[in-house]
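**Student:** File entry-v1.pdb below, PDB, C-alpha atoms:
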```pdb
ATOM      1  CA  MET Z   1       7.491   3.802 -19.024
ATOM      2  CA  ILE Z   2       7.882   0.104 -19.805
ATOM      3  CA  THR Z   3       4.675  -1.830 -20.338
ATOM      4  CA  VAL Z   4       4.875  -5.540 -19.576
ATOM      5  CA  PRO Z   5       2.381  -7.239 -21.909
ATOM      6  CA  PRO Z   6      -0.272  -9.372 -20.192
ATOM      7  CA  GLY Z   7       0.666 -13.024 -20.314
ATOM      8  CA  THR Z   8       4.425 -12.389 -20.345
ATOM      9  CA  VAL Z   9       6.066 -15.518 -18.953
ATOM     10  CA  GLU Z  10       8.349 -15.128 -15.952
ATOM     11  CA  GLN Z  11      11.367 -16.465 -17.860
ATOM     12  CA  ASP Z  12      11.189 -13.469 -20.223
ATOM     13  CA  LEU Z  13      11.141 -10.841 -17.472
ATOM     14  CA  PRO Z  14      14.907 -10.581 -16.769
ATOM     15  CA  ALA Z  15      15.684  -9.433 -20.318
ATOM     16  CA  LEU Z  16      12.740  -7.032 -20.319
ATOM     17  CA  LEU Z  17      13.678  -5.497 -16.964
ATOM     18  CA  GLY Z  18      17.443  -5.344 -17.375
ATOM     19  CA  GLU Z  19      17.697  -1.617 -18.081
ATOM     20  CA  PRO Z  20      15.480  -0.358 -15.219
ATOM     21  CA  ALA Z  21      17.119  -2.865 -12.852
ATOM     22  CA  ARG Z  22      20.581  -1.540 -13.700
ATOM     23  CA  ALA Z  23      19.308   2.021 -13.321
ATOM     24  CA  LEU Z  24      17.851   1.162  -9.909
ATOM     25  CA  ARG Z  25      21.232  -0.171  -8.812
ATOM     26  CA  ARG Z  26      22.787   3.153  -9.920
ATOM     27  CA  GLY Z  27      20.430   5.183  -7.701
ATOM     28  CA  ALA Z  28      17.361   5.605  -9.925
ATOM     29  CA  LEU Z  29      13.766   5.593  -8.694
ATOM     30  CA  VAL Z  30      11.679   2.851 -10.332
ATOM     31  CA  ALA Z  31       7.931   2.434  -9.784
ATOM     32  CA  PHE Z  32       6.707  -1.140 -10.122
ATOM     33  CA  PRO Z  33       3.567  -3.158  -9.439
ATOM     34  CA  THR Z  34       3.083  -5.547  -6.559
ATOM     35  CA  GLU Z  35      -0.015  -7.553  -5.755
ATOM     36  CA  THR Z  36      -1.061  -4.847  -3.262
ATOM     37  CA  VAL Z  37      -0.276  -1.413  -4.759
ATOM     38  CA  TYR Z  38       2.448   0.107  -6.952
ATOM     39  CA  GLY Z  39       5.696   0.728  -5.085
ATOM     40  CA  LEU Z  40       8.320   3.437  -5.599
ATOM     41  CA  GLY Z  41      11.606   1.583  -5.437
ATOM     42  CA  ALA Z  42      15.186   2.579  -4.677
ATOM     43  CA  ASP Z  43      18.258   0.642  -3.587
ATOM     44  CA  ALA Z  44      17.492   0.128   0.112
ATOM     45  CA  LEU Z  45      21.202   0.156   1.008
ATOM     46  CA  ASP Z  46      21.980   3.442  -0.795
ATOM     47  CA  PRO Z  47      21.102   6.388   1.504
ATOM     48  CA  ALA Z  48      21.175   8.951  -1.300
ATOM     49  CA  ALA Z  49      18.789   6.893  -3.450
ATOM     50  CA  VAL Z  50      16.417   6.381  -0.534
ATOM     51  CA  GLU Z  51      16.468  10.114   0.210
ATOM     52  CA  ARG Z  52      15.146  10.628  -3.325
ATOM     53  CA  ILE Z  53      12.034   8.594  -2.426
ATOM     54  CA  PHE Z  54      11.194  10.941   0.431
ATOM     55  CA  HIS Z  55      11.797  13.985  -1.763
ATOM     56  CA  ALA Z  56       9.702  12.674  -4.686
ATOM     57  CA  LYS Z  57       6.757  11.711  -2.464
ATOM     58  CA  GLY Z  58       6.952  14.564   0.024
ATOM     59  CA  ARG Z  59       7.040  11.844   2.692
ATOM     60  CA  PRO Z  60       7.906  12.545   6.364
ATOM     61  CA  ALA Z  61      11.453  11.365   7.067
ATOM     62  CA  ASP Z  62      10.448   9.409  10.181
ATOM     63  CA  ASN Z  63       7.953   7.232   8.259
ATOM     64  CA  PRO Z  64       9.802   3.910   7.732
ATOM     65  CA  LEU Z  65       9.942   2.181   4.351
ATOM     66  CA  ILE Z  66       9.262  -1.458   3.532
ATOM     67  CA  VAL Z  67      12.253  -3.288   2.084
ATOM     68  CA  HIS Z  68      11.264  -5.713  -0.679
ATOM     69  CA  LEU Z  69      13.180  -8.928  -1.355
ATOM     70  CA  PRO Z  70      12.956 -11.475  -4.190
ATOM     71  CA  ASP Z  71      12.770 -14.398  -1.750
ATOM     72  CA  ALA Z  72      13.128 -15.257   1.925
ATOM     73  CA  ALA Z  73      16.738 -16.367   1.453
ATOM     74  CA  TRP Z  74      17.658 -12.667   1.283
ATOM     75  CA  LEU Z  75      16.404 -11.936   4.811
ATOM     76  CA  GLY Z  76      19.900 -12.207   6.234
ATOM     77  CA  ARG Z  77      21.010  -9.321   4.040
ATOM     78  CA  VAL Z  78      18.833  -6.799   5.871
ATOM     79  CA  VAL Z  79      17.931  -8.189   9.319
ATOM     80  CA  ALA Z  80      20.174  -8.858  12.305
ATOM     81  CA  HIS Z  81      18.305 -11.934  13.488
ATOM     82  CA  VAL Z  82      15.626 -14.052  11.819
ATOM     83  CA  THR Z  83      13.378 -15.235  14.646
ATOM     84  CA  PRO Z  84      11.654 -18.625  14.589
ATOM     85  CA  LEU Z  85       8.340 -16.768  14.318
ATOM     86  CA  ALA Z  86       9.567 -14.846  11.273
ATOM     87  CA  ARG Z  87      10.646 -18.086   9.600
ATOM     88  CA  ARG Z  88       7.231 -19.648  10.184
ATOM     89  CA  LEU Z  89       5.356 -16.613   8.890
ATOM     90  CA  ALA Z  90       7.611 -16.327   5.841
ATOM     91  CA  GLU Z  91       7.134 -20.013   5.012
ATOM     92  CA  ARG Z  92       3.365 -19.612   5.242
ATOM     93  CA  TRP Z  93       2.769 -16.213   3.612
ATOM     94  CA  TRP Z  94       5.675 -15.371   1.279
ATOM     95  CA  PRO Z  95       5.552 -14.429  -1.483
ATOM     96  CA  GLY Z  96       2.520 -12.407  -0.450
ATOM     97  CA  PRO Z  97       1.042  -9.346   1.245
ATOM     98  CA  LEU Z  98       2.649  -9.762   4.681
ATOM     99  CA  THR Z  99       5.391  -7.454   5.988
ATOM    100  CA  LEU Z 100       7.571  -8.532   8.929
ATOM    101  CA  VAL Z 101       9.252  -6.087  11.309
ATOM    102  CA  LEU Z 102      12.586  -7.370  12.638
ATOM    103  CA  ASP Z 103      15.814  -5.926  14.050
ATOM    104  CA  ALA Z 104      17.746  -4.287  11.227
ATOM    105  CA  ALA Z 105      21.209  -5.339  10.149
ATOM    106  CA  ASP Z 106      23.903  -2.666  10.491
ATOM    107  CA  VAL Z 107      24.142  -2.363   6.705
ATOM    108  CA  VAL Z 108      20.607  -0.920   6.430
ATOM    109  CA  PRO Z 109      20.752   2.908   6.503
ATOM    110  CA  ARG Z 110      18.645   4.663   9.114
ATOM    111  CA  VAL Z 111      17.000   6.722   6.374
ATOM    112  CA  THR Z 112      15.448   3.463   5.133
ATOM    113  CA  THR Z 113      14.145   2.539   8.582
ATOM    114  CA  GLY Z 114      12.833   5.991   9.461
ATOM    115  CA  GLY Z 115      15.543   6.320  12.111
ATOM    116  CA  LEU Z 116      14.528   3.092  13.852
ATOM    117  CA  SER Z 117      16.616   0.057  14.811
ATOM    118  CA  THR Z 118      14.035  -2.173  13.124
ATOM    119  CA  VAL Z 119      13.345  -2.812   9.450
ATOM    120  CA  ALA Z 120      10.102  -3.812   7.714
ATOM    121  CA  VAL Z 121      10.568  -6.490   5.025
ATOM    122  CA  ARG Z 122       8.448  -8.506   2.631
ATOM    123  CA  VAL Z 123       8.583 -10.676  -0.503
ATOM    124  CA  PRO Z 124       5.922  -9.492  -2.979
ATOM    125  CA  ALA Z 125       3.838 -12.007  -4.905
ATOM    126  CA  ASN Z 126       4.103 -10.201  -8.242
ATOM    127  CA  PRO Z 127       6.828 -11.937 -10.315
ATOM    128  CA  LEU Z 128       7.660  -8.649 -12.064
ATOM    129  CA  ALA Z 129       8.559  -7.097  -8.706
ATOM    130  CA  ARG Z 130      10.625 -10.071  -7.579
ATOM    131  CA  THR Z 131      12.467 -10.258 -10.911
ATOM    132  CA  LEU Z 132      13.276  -6.549 -10.872
ATOM    133  CA  ILE Z 133      14.813  -6.873  -7.404
ATOM    134  CA  ALA Z 134      16.723 -10.049  -8.246
ATOM    135  CA  VAL Z 135      18.169  -8.572 -11.456
ATOM    136  CA  ALA Z 136      19.104  -5.360  -9.633
ATOM    137  CA  GLY Z 137      20.905  -7.528  -7.075
ATOM    138  CA  THR Z 138      19.985  -5.364  -4.101
ATOM    139  CA  PRO Z 139      17.116  -5.118  -1.593
ATOM    140  CA  VAL Z 140      14.640  -2.452  -2.701
ATOM    141  CA  ALA Z 141      12.966   0.046  -0.381
ATOM    142  CA  ALA Z 142       9.518   0.805  -1.773
ATOM    143  CA  PRO Z 143       6.646   2.733  -0.231
ATOM    144  CA  SER Z 144       3.520   3.279  -2.321
ATOM    145  CA  ALA Z 145       4.263   5.224  -5.525
ATOM    146  CA  ASN Z 146       2.056   8.253  -4.843
ATOM    147  CA  LEU Z 147       2.390  11.719  -3.402
ATOM    148  CA  SER Z 148       2.318  11.433   0.372
ATOM    149  CA  GLY Z 149      -1.224  11.468   1.743
ATOM    150  CA  ARG Z 150      -2.891  10.720  -1.595
ATOM    151  CA  PRO Z 151      -4.769   7.490  -2.363
ATOM    152  CA  SER Z 152      -2.286   4.717  -3.091
ATOM    153  CA  PRO Z 153      -1.752   3.823  -6.774
ATOM    154  CA  THR Z 154      -3.138   0.566  -8.130
ATOM    155  CA  THR Z 155      -2.354   1.286 -11.806
ATOM    156  CA  ALA Z 156       0.612   2.763 -13.665
ATOM    157  CA  ALA Z 157      -1.633   5.661 -14.702
ATOM    158  CA  HIS Z 158      -2.093   6.568 -11.028
ATOM    159  CA  VAL Z 159       1.701   6.660 -10.619
ATOM    160  CA  GLN Z 160       2.088   8.841 -13.698
ATOM    161  CA  ALA Z 161      -0.571  11.252 -12.415
ATOM    162  CA  ASP Z 162       1.207  11.765  -9.088
ATOM    163  CA  LEU Z 163       4.896  11.284  -9.843
ATOM    164  CA  GLY Z 164       5.361  11.758 -13.581
ATOM    165  CA  GLY Z 165       8.464  13.917 -14.051
ATOM    166  CA  ARG Z 166       9.660  13.240 -10.499
ATOM    167  CA  ILE Z 167      10.955   9.674 -10.965
ATOM    168  CA  ASP Z 168      13.036   7.808 -13.519
ATOM    169  CA  TRP Z 169      11.040   4.727 -14.526
ATOM    170  CA  ILE Z 170       7.482   3.403 -14.338
ATOM    171  CA  LEU Z 171       6.907  -0.303 -15.011
ATOM    172  CA  ASP Z 172       3.334  -0.914 -16.118
ATOM    173  CA  GLY Z 173       2.303  -4.402 -15.088
ATOM    174  CA  GLY Z 174      -1.433  -3.768 -15.123
ATOM    175  CA  PRO Z 175      -3.778  -3.195 -12.179
ATOM    176  CA  CYS Z 176      -2.917  -4.548  -8.719
ATOM    177  CA  PRO Z 177      -5.326  -7.365  -7.788
ATOM    178  CA  VAL Z 178      -5.364  -6.890  -3.992
ATOM    179  CA  GLY Z 179      -5.694  -3.116  -3.922
ATOM    180  CA  ILE Z 180      -4.689  -2.258  -0.333
ATOM    181  CA  GLU Z 181      -1.324  -2.334   1.384
ATOM    182  CA  SER Z 182       0.231  -5.344   3.101
ATOM    183  CA  THR Z 183      -0.419  -6.458   6.652
ATOM    184  CA  VAL Z 184       2.485  -5.411   8.910
ATOM    185  CA  VAL Z 185       3.462  -7.698  11.801
ATOM    186  CA  ASP Z 186       6.103  -7.271  14.497
ATOM    187  CA  ALA Z 187       7.813 -10.685  14.355
ATOM    188  CA  ARG Z 188      10.588 -10.111  16.896
ATOM    189  CA  GLY Z 189       8.916 -12.050  19.703
ATOM    190  CA  ASP Z 190       7.205 -15.390  20.135
ATOM    191  CA  ALA Z 191       3.790 -14.300  18.858
ATOM    192  CA  PRO Z 192       2.861 -11.938  15.987
ATOM    193  CA  VAL Z 193       1.788  -8.397  16.845
ATOM    194  CA  VAL Z 194      -0.293  -6.827  14.063
ATOM    195  CA  LEU Z 195       0.816  -3.232  13.496
ATOM    196  CA  ARG Z 196      -1.225  -2.565  10.345
ATOM    197  CA  GLU Z 197      -4.220  -4.514   9.080
ATOM    198  CA  GLY Z 198      -4.228  -5.962   5.567
ATOM    199  CA  THR Z 199      -5.407  -8.927   3.550
ATOM    200  CA  VAL Z 200      -3.565 -11.351   5.812
ATOM    201  CA  THR Z 201      -6.036 -10.892   8.633
ATOM    202  CA  ARG Z 202      -5.840 -11.210  12.389
ATOM    203  CA  GLU Z 203      -7.984 -14.314  12.020
ATOM    204  CA  ASP Z 204      -5.458 -15.776   9.567
ATOM    205  CA  LEU Z 205      -2.657 -15.128  12.050
ATOM    206  CA  GLY Z 206      -4.542 -16.253  15.135
ATOM    207  CA  VAL Z 207      -4.216 -12.793  16.713
ATOM    208  CA  ASP Z 208      -7.043 -11.238  18.730
ATOM    209  CA  VAL Z 209      -6.077  -7.564  18.654
ATOM    210  CA  THR Z 210      -4.107  -5.032  16.659
ATOM    211  CA  ALA Z 211      -1.410  -2.869  18.237
ATOM    212  CA  GLU Z 212      -2.466   0.658  19.095
ATOM    213  CA  SER Z 213      -2.890   2.738  15.941
ATOM    214  CA  GLY Z 214       0.068   4.957  15.140
ATOM    215  CA  SER Z 215       2.906   2.546  15.912
ATOM    216  CA  PRO Z 216       6.182   4.121  14.760
ATOM    217  CA  LEU Z 217       7.382   0.650  13.681
ATOM    218  CA  SER Z 218       4.923   0.454  10.797
ATOM    219  CA  PRO Z 219       4.457   2.562   7.677
ATOM    220  CA  GLY Z 220       1.011   3.968   7.000
ATOM    221  CA  THR Z 221      -0.292   4.317  10.552
ATOM    222  CA  ARG Z 222       0.700   7.746  11.898
ATOM    223  CA  PHE Z 223       0.099  10.210   9.099
ATOM    224  CA  ALA Z 224      -2.742  11.371   6.872
ATOM    225  CA  HIS Z 225      -3.208   8.766   4.169
ATOM    226  CA  TYR Z 226      -5.350   7.826   1.183
ATOM    227  CA  GLN Z 227      -7.122  11.187   1.012
ATOM    228  CA  PRO Z 228      -8.599  12.600  -2.212
ATOM    229  CA  SER Z 229      -9.404  16.285  -2.586
ATOM    230  CA  ALA Z 230     -13.090  15.440  -2.182
ATOM    231  CA  ARG Z 231     -14.537  15.080   1.321
ATOM    232  CA  VAL Z 232     -15.076  11.425   2.185
ATOM    233  CA  VAL Z 233     -18.202  10.399   4.097
ATOM    234  CA  VAL Z 234     -18.688   6.862   5.432
ATOM    235  CA  ALA Z 235     -22.219   5.464   5.598
ATOM    236  CA  SER Z 236     -23.841   2.195   6.536
ATOM    237  CA  ALA Z 237     -26.360   0.426   4.324
ATOM    238  CA  GLY Z 238     -29.769   2.100   4.545
ATOM    239  CA  GLN Z 239     -28.392   5.519   5.508
ATOM    240  CA  GLY Z 240     -28.967   7.270   2.191
ATOM    241  CA  GLY Z 241     -31.322   9.816   3.701
ATOM    242  CA  ASP Z 242     -28.909  10.568   6.528
ATOM    243  CA  VAL Z 243     -26.082  11.018   4.036
ATOM    244  CA  ALA Z 244     -28.156  13.355   1.892
ATOM    245  CA  ALA Z 245     -28.714  15.560   4.938
ATOM    246  CA  GLU Z 246     -24.930  15.786   5.445
ATOM    247  CA  ILE Z 247     -24.273  17.043   1.929
ATOM    248  CA  ALA Z 248     -24.730  20.737   1.223
ATOM    249  CA  GLU Z 249     -26.965  21.878  -1.600
ATOM    250  CA  ARG Z 250     -25.273  21.918  -5.026
ATOM    251  CA  GLN Z 251     -22.330  19.811  -3.866
ATOM    252  CA  THR Z 252     -21.376  17.217  -6.450
ATOM    253  CA  THR Z 253     -21.287  13.747  -4.950
ATOM    254  CA  GLY Z 254     -19.931  10.312  -5.844
ATOM    255  CA  LEU Z 255     -20.802   6.925  -4.384
ATOM    256  CA  ILE Z 256     -18.570   3.913  -3.740
ATOM    257  CA  GLY Z 257     -20.871   1.031  -2.915
ATOM    258  CA  PRO Z 258     -24.293  -0.383  -3.812
ATOM    259  CA  THR Z 259     -26.915   2.347  -4.223
ATOM    260  CA  LEU Z 260     -28.030   3.634  -0.831
ATOM    261  CA  PRO Z 261     -31.814   3.997  -0.388
ATOM    262  CA  GLY Z 262     -32.776   7.660  -0.103
ATOM    263  CA  LEU Z 263     -29.642   8.996  -1.768
ATOM    264  CA  ASP Z 264     -30.160  11.575  -4.509
ATOM    265  CA  PRO Z 265     -30.376   9.691  -7.826
ATOM    266  CA  ARG Z 266     -28.123  12.278  -9.451
ATOM    267  CA  VAL Z 267     -25.173  11.048  -7.396
ATOM    268  CA  SER Z 268     -22.377   9.671  -9.606
ATOM    269  CA  VAL Z 269     -21.659   5.986  -8.980
ATOM    270  CA  LEU Z 270     -17.863   5.641  -8.897
ATOM    271  CA  ALA Z 271     -17.856   1.907  -8.115
ATOM    272  CA  SER Z 272     -20.376  -0.669  -6.909
ATOM    273  CA  PRO Z 273     -18.342  -3.207  -4.950
ATOM    274  CA  LEU Z 274     -20.105  -6.098  -3.255
ATOM    275  CA  GLY Z 275     -18.215  -6.981  -0.101
ATOM    276  CA  ALA Z 276     -14.819  -6.241   1.408
ATOM    277  CA  ALA Z 277     -12.614  -7.874  -1.238
ATOM    278  CA  GLU Z 278     -14.193  -5.906  -4.081
ATOM    279  CA  LEU Z 279     -14.096  -2.677  -2.069
ATOM    280  CA  ALA Z 280     -10.371  -3.189  -1.408
ATOM    281  CA  THR Z 281      -9.695  -3.671  -5.122
ATOM    282  CA  VAL Z 282     -11.603  -0.589  -6.341
ATOM    283  CA  LEU Z 283     -11.275   1.852  -3.420
ATOM    284  CA  TYR Z 284      -8.199   3.863  -4.399
ATOM    285  CA  ASP Z 285      -9.099   4.043  -8.086
ATOM    286  CA  ALA Z 286     -12.603   5.273  -7.217
ATOM    287  CA  LEU Z 287     -11.231   7.943  -4.855
ATOM    288  CA  ARG Z 288      -8.951   9.141  -7.634
ATOM    289  CA  GLN Z 289     -11.850   9.163 -10.099
ATOM    290  CA  ALA Z 290     -13.661  11.529  -7.741
ATOM    291  CA  ASP Z 291     -10.847  14.061  -8.108
ATOM    292  CA  VAL Z 292     -10.667  13.612 -11.881
ATOM    293  CA  ARG Z 293     -14.400  14.406 -12.023
ATOM    294  CA  GLY Z 294     -14.004  17.361  -9.639
ATOM    295  CA  LEU Z 295     -16.508  16.001  -7.106
ATOM    296  CA  ASP Z 296     -17.014  17.690  -3.749
ATOM    297  CA  VAL Z 297     -18.032  14.641  -1.694
ATOM    298  CA  VAL Z 298     -17.508  10.887  -1.893
ATOM    299  CA  VAL Z 299     -19.842   8.588   0.026
ATOM    300  CA  VAL Z 300     -18.391   5.167   0.826
ATOM    301  CA  GLU Z 301     -20.777   2.471   1.973
ATOM    302  CA  ALA Z 302     -19.225   0.617   4.888
ATOM    303  CA  VAL Z 303     -18.636  -3.137   4.931
ATOM    304  CA  PRO Z 304     -18.664  -5.203   8.139
ATOM    305  CA  SER Z 305     -15.486  -4.591  10.149
ATOM    306  CA  HIS Z 306     -14.182  -8.114  10.511
ATOM    307  CA  GLY Z 307     -11.481  -9.954   8.590
ATOM    308  CA  LEU Z 308     -10.546  -8.107   5.415
ATOM    309  CA  GLY Z 309     -13.404  -5.671   6.076
ATOM    310  CA  ARG Z 310     -11.548  -4.363   9.117
ATOM    311  CA  ALA Z 311      -8.483  -3.595   6.987
ATOM    312  CA  VAL Z 312     -10.344  -1.883   4.167
ATOM    313  CA  MET Z 313     -12.475   0.163   6.563
ATOM    314  CA  ASP Z 314      -9.252   1.350   8.227
ATOM    315  CA  ARG Z 315      -8.264   2.819   4.848
ATOM    316  CA  VAL Z 316     -11.709   4.301   4.297
ATOM    317  CA  ARG Z 317     -11.694   6.027   7.676
ATOM    318  CA  ARG Z 318      -8.205   7.394   7.065
ATOM    319  CA  ALA Z 319      -9.394   8.711   3.713
ATOM    320  CA  ALA Z 320     -12.155  10.443   5.664
ATOM    321  CA  GLY Z 321      -9.521  12.023   7.892
ATOM    322  CA  GLY Z 322     -10.508   9.865  10.826
ATOM    323  CA  GLY Z 323     -14.006  11.302  10.728
ATOM    324  CA  GLY Z 324     -16.689  11.713   8.131
ATOM    325  CA  VAL Z 325     -18.793   8.885   9.550
ATOM    326  CA  VAL Z 326     -22.505   9.539   9.333
ATOM    327  CA  PRO Z 327     -23.972   9.052  12.819
ATOM    328  CA  THR Z 328     -26.469   6.249  13.305
ATOM    329  CA  GLY Z 329     -29.489   6.647  15.534
TER     330      GLY Z 329
END
```
Rewrite the structure of this file - the entire thing - as structure tokens.
**Tutor:**
Amino acid sequence: MITVPPGTVEQDLPALLGEPARALRRGALVAFPTETVYGLGADALDPAAVERIFHAKGRPADNPLIVHLPDAAWLGRVVAHVTPLARRLAERWWPGPLTLVLDAADVVPRVTTGGLSTVAVRVPANPLARTLIAVAGTPVAAPSANLSGRPSPTTAAHVQADLGGRIDWILDGGPCPVGIESTVVDARGDAPVVLREGTVTREDLGVDVTAESGSPLSPGTRFAHYQPSARVVVASAGQGGDVAAEIAERQTTGLIGPTLPGLDPRVSVLASPLGAAELATVLYDALRQADVRGLDVVVVEAVPSHGLGRAVMDRVRRAAGGGGVVPTG
């Protein structure tokens, strides 16, 4: 593991990252931080290296990967055609947590695209990530650096817990400030089609609806995701009594959210986020804490499902297996 000291200036990163960047170019797997979550990177144009990602994660082969670039000028390396819409979105949101789906260039292996003719691409905001890719000199395919189905990693320790011994390098750049995965947009047409919600919201993009859940074009929409070993229950504010009735006697329970009235005071508070942005930042770490503590149940207090709240509640509901919502009235 390489730890990048806080406050390291961007000009010093190329020398610090030279060895893992060269290893990545030779087919190594390198976990690195982005502003969203930690990614597990491999040379996106090397089929054998990309296959190692799927093996290390236990990821379904038809789940496409996001290709990360150091800047928008590299788009032509991996896409067949950069649409006017893609150029506008890239100018507005890159570097940042927005992924664009476009027609793939012939050079991109089908293992990287999950067998599709399209490729998902983004430029991360974290300078460590961009420098690693630039020094490696190749586009980098990077899903989240966790075992498939587990909560995504937002610290290097999370990566080590899931993938230690399975991958070659972990770059510790501290915790990820955003905490949930990027928004994914189909940018092949004249108007953006949101395939996966994220911190760049529908409101930001001027889009009224999201594509039907489970689009094969987007990572993170068709398979079980973000799930701890503990059972996840979603509750609205004021439902503490209802939640208590859902939990069997002697089950150990954790709470993510402000204290719910009526909830057993012995419940362990895993995190007390106020609002959607804080919930996004702490969610995956708190779910992982529940497993470290051996809890049976995690109660997550819902936030309003608009803007960023819609994106984070999508992750919460997936962590609950699509269910686990305490009925109201």
**Student:** Extract, using all atoms listed in the file, all DNA, RNA and protein residues at most 6 Å from stretch 101-114 of chain Z, discarding same-chain residues fewer than 4 positions from it, and format them as a list in words.
**Tutor:**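 Near stretch 101-114 of chain Z, the qualifying residues are Leu45, Asp62, Asn63, Pro64, Leu65, Val78, Val79, Ala80, Thr118, Val119, Ala120, Asp186, Ala187 and Arg188 of chain Z.
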**Student:** I'd like the interatomic distance between atom CA of Z:Arg22 and atom CA of Z:Ala136, to a tenth of an Å.
**Tutor:**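 Taking atom CA of Z:Arg22 as the start and atom CA of Z:Ala136 as the end point, the length is 5.8 Å.
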**Student:** Counting only C-alpha atoms, which residue out of Z:Glu91, Z:Asp168, Z:Glu181, Z:Asp43 sits closest to Z:Ile133?
**Tutor:**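 Selected residue with least distance to Z:Ile133: Z:Asp43.
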**Student:** Can you work out which one of Z:Thr83, Z:Ser182, Z:Ser117, Z:Thr201 has the shortest atom-to-atom distance to Z:His306, counting only C-alpha atoms?
**Tutor:**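 Nearest to Z:His306: Z:Thr201.
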**Student:** Dump as a JSON list (two decimals) with C-alpha atoms, in the frame of the given file all residues having an atom at most 6 Å from (-11.8, -5.9, 0.9), computed in the file's coordinates with all atoms listed in the file.
**Tutor:**
```json
[["chain", "number", "residue", "atom", "x", "y", "z"],
["Z", 276, "ALA", "CA", -14.82, -6.24, 1.41],
["Z", 277, "ALA", "CA", -12.61, -7.87, -1.24],
["Z", 278, "GLU", "CA", -14.19, -5.91, -4.08],
["Z", 279, "LEU", "CA", -14.10, -2.68, -2.07],
["Z", 280, "ALA", "CA", -10.37, -3.19, -1.41],
["Z", 308, "LEU", "CA", -10.55, -8.11, 5.42],
["Z", 309, "GLY", "CA", -13.40, -5.67, 6.08],
["Z", 312, "VAL", "CA", -10.34, -1.88, 4.17]]
```
